[in-house]
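**Q** If you scroll down you'll find the structure; I have some questions about it.
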Amino acid sequence: MSDTPPDRLSVNPNSPHFQRELLERGIGIRFKGAERNDVEEYSISEGWIRVALGKKVDRKGNPLTIKLNGPVEAWFERPAEGEAAADDAEG
């Protein structure tokens, strides 16, 4: 696995950009210089994030989201399983 998060990722399992194994590692998001914990989806190249709009939901029970434009940075909060084992073996 690469140590660089994908360009686009979503927490919604119905999205084509959903990747469970990457989300399990934890993704940190910085939007306009501030760390955000409420991001539903992001795109680094297009420069936007989607966040839930309060507690409002659509008729299927999914949260309503709003798209915010600006600079986006993403990183993994934990190393990949193989990388952690390799670091332990070296040290």
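Identifiers for the structure tokens are assigned positionally: chains receive A, B, ... in sequence, residues are indexed from 1 per chain, and ligands are indexed from 1 in the order shown.
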Where does DSSP see alpha helix (DSSP H) in chain A, if you list the residues as a ChimeraX atom specification?
**A** /A:20-25,81-90
**Q** Please save all heavy atoms of the selected residues as a CSV table (one decimal), in the first residue's frame.
**A**
chain,number,residue,atom,x,y,z
A,20,ARG,N,-12.9,0.6,2.2
A,20,ARG,CA,-12.9,0.3,3.6
A,20,ARG,C,-11.5,0.2,4.2
A,20,ARG,O,-11.3,0.7,5.3
A,20,ARG,CB,-13.7,-1.0,3.8
A,20,ARG,CG,-13.8,-1.4,5.3
A,20,ARG,CD,-14.5,-2.7,5.6
A,20,ARG,NE,-15.8,-2.7,4.9
A,20,ARG,CZ,-16.9,-2.1,5.4
A,20,ARG,NH1,-16.9,-1.5,6.6
A,20,ARG,NH2,-18.1,-2.2,4.8
A,21,GLU,N,-10.6,-0.5,3.5
A,21,GLU,CA,-9.3,-0.8,4.1
A,21,GLU,C,-8.5,0.5,4.3
A,21,GLU,O,-7.7,0.6,5.2
A,21,GLU,CB,-8.5,-1.7,3.2
A,21,GLU,CG,-8.2,-1.3,1.8
A,21,GLU,CD,-9.4,-1.5,0.8
A,21,GLU,OE1,-10.4,-2.1,1.2
A,21,GLU,OE2,-9.3,-1.1,-0.4
A,22,LEU,N,-8.8,1.5,3.5
A,22,LEU,CA,-8.1,2.8,3.7
A,22,LEU,C,-8.7,3.6,4.8
A,22,LEU,O,-8.0,4.2,5.6
A,22,LEU,CB,-8.2,3.7,2.4
A,22,LEU,CG,-7.4,3.1,1.2
A,22,LEU,CD1,-7.6,4.0,0.0
A,22,LEU,CD2,-5.9,2.9,1.5
A,23,LEU,N,-10.0,3.5,4.9
A,23,LEU,CA,-10.7,4.2,6.0
A,23,LEU,C,-10.4,3.6,7.4
A,23,LEU,O,-10.4,4.3,8.4
A,23,LEU,CB,-12.2,4.2,5.8
A,23,LEU,CG,-12.7,5.0,4.6
A,23,LEU,CD1,-14.2,4.7,4.3
A,23,LEU,CD2,-12.5,6.5,4.8
A,24,GLU,N,-10.1,2.3,7.4
A,24,GLU,CA,-9.7,1.7,8.7
A,24,GLU,C,-8.4,2.2,9.2
A,24,GLU,O,-8.2,2.2,10.4
A,24,GLU,CB,-9.7,0.2,8.5
A,24,GLU,CG,-11.1,-0.4,8.4
A,24,GLU,CD,-11.0,-1.9,8.1
A,24,GLU,OE1,-9.9,-2.5,7.8
A,24,GLU,OE2,-12.1,-2.5,8.0
A,25,ARG,N,-7.5,2.7,8.3
A,25,ARG,CA,-6.3,3.2,8.7
A,25,ARG,C,-6.4,4.6,9.3
A,25,ARG,O,-5.6,5.1,10.0
A,25,ARG,CB,-5.3,3.4,7.5
A,25,ARG,CG,-4.8,2.0,7.1
A,25,ARG,CD,-3.9,2.2,5.9
A,25,ARG,NE,-2.7,3.0,6.2
A,25,ARG,CZ,-1.8,3.4,5.3
A,25,ARG,NH1,-2.0,3.0,4.1
A,25,ARG,NH2,-0.8,4.1,5.7
A,81,GLU,N,-0.4,-2.0,7.6
A,81,GLU,CA,0.0,-3.1,8.4
A,81,GLU,C,1.4,-3.6,8.0
A,81,GLU,O,2.2,-3.8,8.9
A,81,GLU,CB,-1.0,-4.3,8.2
A,81,GLU,CG,-2.4,-4.0,8.6
A,81,GLU,CD,-2.7,-4.3,10.0
A,81,GLU,OE1,-2.1,-5.2,10.5
A,81,GLU,OE2,-3.6,-3.7,10.6
A,82,GLY,N,1.7,-3.7,6.8
A,82,GLY,CA,3.0,-4.2,6.3
A,82,GLY,C,4.1,-3.2,6.7
A,82,GLY,O,5.2,-3.6,7.0
A,83,GLU,N,3.8,-1.9,6.6
A,83,GLU,CA,4.8,-0.9,6.9
A,83,GLU,C,5.1,-0.9,8.4
A,83,GLU,O,6.2,-0.7,8.8
A,83,GLU,CB,4.3,0.5,6.4
A,83,GLU,CG,4.2,0.6,4.9
A,83,GLU,CD,3.5,1.9,4.5
A,83,GLU,OE1,3.5,2.9,5.4
A,83,GLU,OE2,3.1,2.0,3.4
A,84,ALA,N,4.1,-1.1,9.2
A,84,ALA,CA,4.3,-1.1,10.7
A,84,ALA,C,5.2,-2.3,11.1
A,84,ALA,O,6.1,-2.1,11.9
A,84,ALA,CB,3.0,-1.1,11.4
A,85,ALA,N,5.0,-3.4,10.4
A,85,ALA,CA,5.8,-4.6,10.7
A,85,ALA,C,7.2,-4.4,10.3
A,85,ALA,O,8.2,-4.8,10.9
A,85,ALA,CB,5.2,-5.8,10.0
A,86,ALA,N,7.4,-3.7,9.1
A,86,ALA,CA,8.8,-3.5,8.6
A,86,ALA,C,9.5,-2.5,9.5
A,86,ALA,O,10.7,-2.6,9.7
A,86,ALA,CB,8.7,-2.9,7.2
A,87,ASP,N,8.8,-1.5,10.0
A,87,ASP,CA,9.4,-0.5,10.9
A,87,ASP,C,9.9,-1.2,12.2
A,87,ASP,O,10.9,-0.9,12.8
A,87,ASP,CB,8.5,0.6,11.3
A,87,ASP,CG,8.2,1.5,10.1
A,87,ASP,OD1,9.1,1.5,9.1
A,87,ASP,OD2,7.3,2.3,10.1
A,88,ASP,N,9.1,-2.1,12.8
A,88,ASP,CA,9.4,-2.9,14.0
A,88,ASP,C,10.6,-3.8,13.8
A,88,ASP,O,11.5,-3.9,14.6
A,88,ASP,CB,8.2,-3.7,14.5
A,88,ASP,CG,7.1,-2.8,15.0
A,88,ASP,OD1,7.3,-1.6,15.3
A,88,ASP,OD2,5.9,-3.3,15.0
A,89,ALA,N,10.7,-4.4,12.6
A,89,ALA,CA,11.8,-5.3,12.3
A,89,ALA,C,13.2,-4.5,12.2
A,89,ALA,O,14.2,-5.0,12.6
A,89,ALA,CB,11.6,-6.0,11.0
A,90,GLU,N,13.1,-3.3,11.7
A,90,GLU,CA,14.3,-2.5,11.5
A,90,GLU,C,14.8,-2.0,12.9
A,90,GLU,O,16.0,-1.9,13.1
A,90,GLU,CB,14.0,-1.3,10.6
A,90,GLU,CG,13.8,-1.6,9.2
A,90,GLU,CD,13.4,-0.4,8.4
A,90,GLU,OE1,13.4,0.7,8.9
A,90,GLU,OE2,13.1,-0.6,7.2
**Q** Give me every strand (DSSP E or B) residue in chain A, going by DSSP on the backbone, as a PyMOL selection string.
**A** chain A and resi 8-10+18+27-31+34-36+39-43+48-57+63-69+72-76
**Q** Measuring between only C-alpha atoms, which one of A:Phe31, A:His17, A:Gly47, A:Val11 shows the shortest distance to Pro63 (chain A)?
**A**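 Closest to Pro63 (chain A) of all the choices is A:Val11.
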**Q** Excluding same-chain residues fewer than 5 positions from Ile27 (chain A), what lies within 7 Å of it counting only C-alpha atoms, as a short mmCIF file (atom, residue, chain, number, x, y, z; two decimals) with N, CA and C atoms, in the first residue's frame?
**A**
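Full text of selection_17.cif as output:
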data_model
loop_
_atom_site.label_atom_id
_atom_site.label_comp_id
_atom_site.auth_asym_id
_atom_site.auth_seq_id
_atom_site.Cartn_x
_atom_site.Cartn_y
_atom_site.Cartn_z
N ALA A 74 -4.70 15.70 2.73
CA ALA A 74 -5.11 14.44 3.37
C ALA A 74 -3.87 13.64 3.73
N TRP A 75 -3.96 12.87 4.82
CA TRP A 75 -2.87 12.01 5.26
C TRP A 75 -3.45 10.82 6.02
N PHE A 76 -2.66 9.75 6.11
CA PHE A 76 -3.06 8.59 6.89
C PHE A 76 -2.69 8.83 8.35
N GLU A 77 -3.58 8.48 9.26
CA GLU A 77 -3.30 8.64 10.68
C GLU A 77 -2.49 7.49 11.24
#
**Q** If I take CA of Phe18 (chain A) and CA of Ala34 (chain A), how far is one from the other in Å, to one decimal?
**A** 23.6 Å
**Q** Do you know which residues are at most 10 Å from Leu53 (chain A) counting only C-alpha atoms, after dropping those on the same chain fewer than 5 positions away, and could you put them as number ranges by chain?
**A** A: 63-67
**Q** To one decimal place, how far is CA of Asn69 (chain A) from CA of Pro13 (chain A) in Å?
**A**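 For CA of Asn69 (chain A) relative to CA of Pro13 (chain A), the distance reads 23.1 Å.
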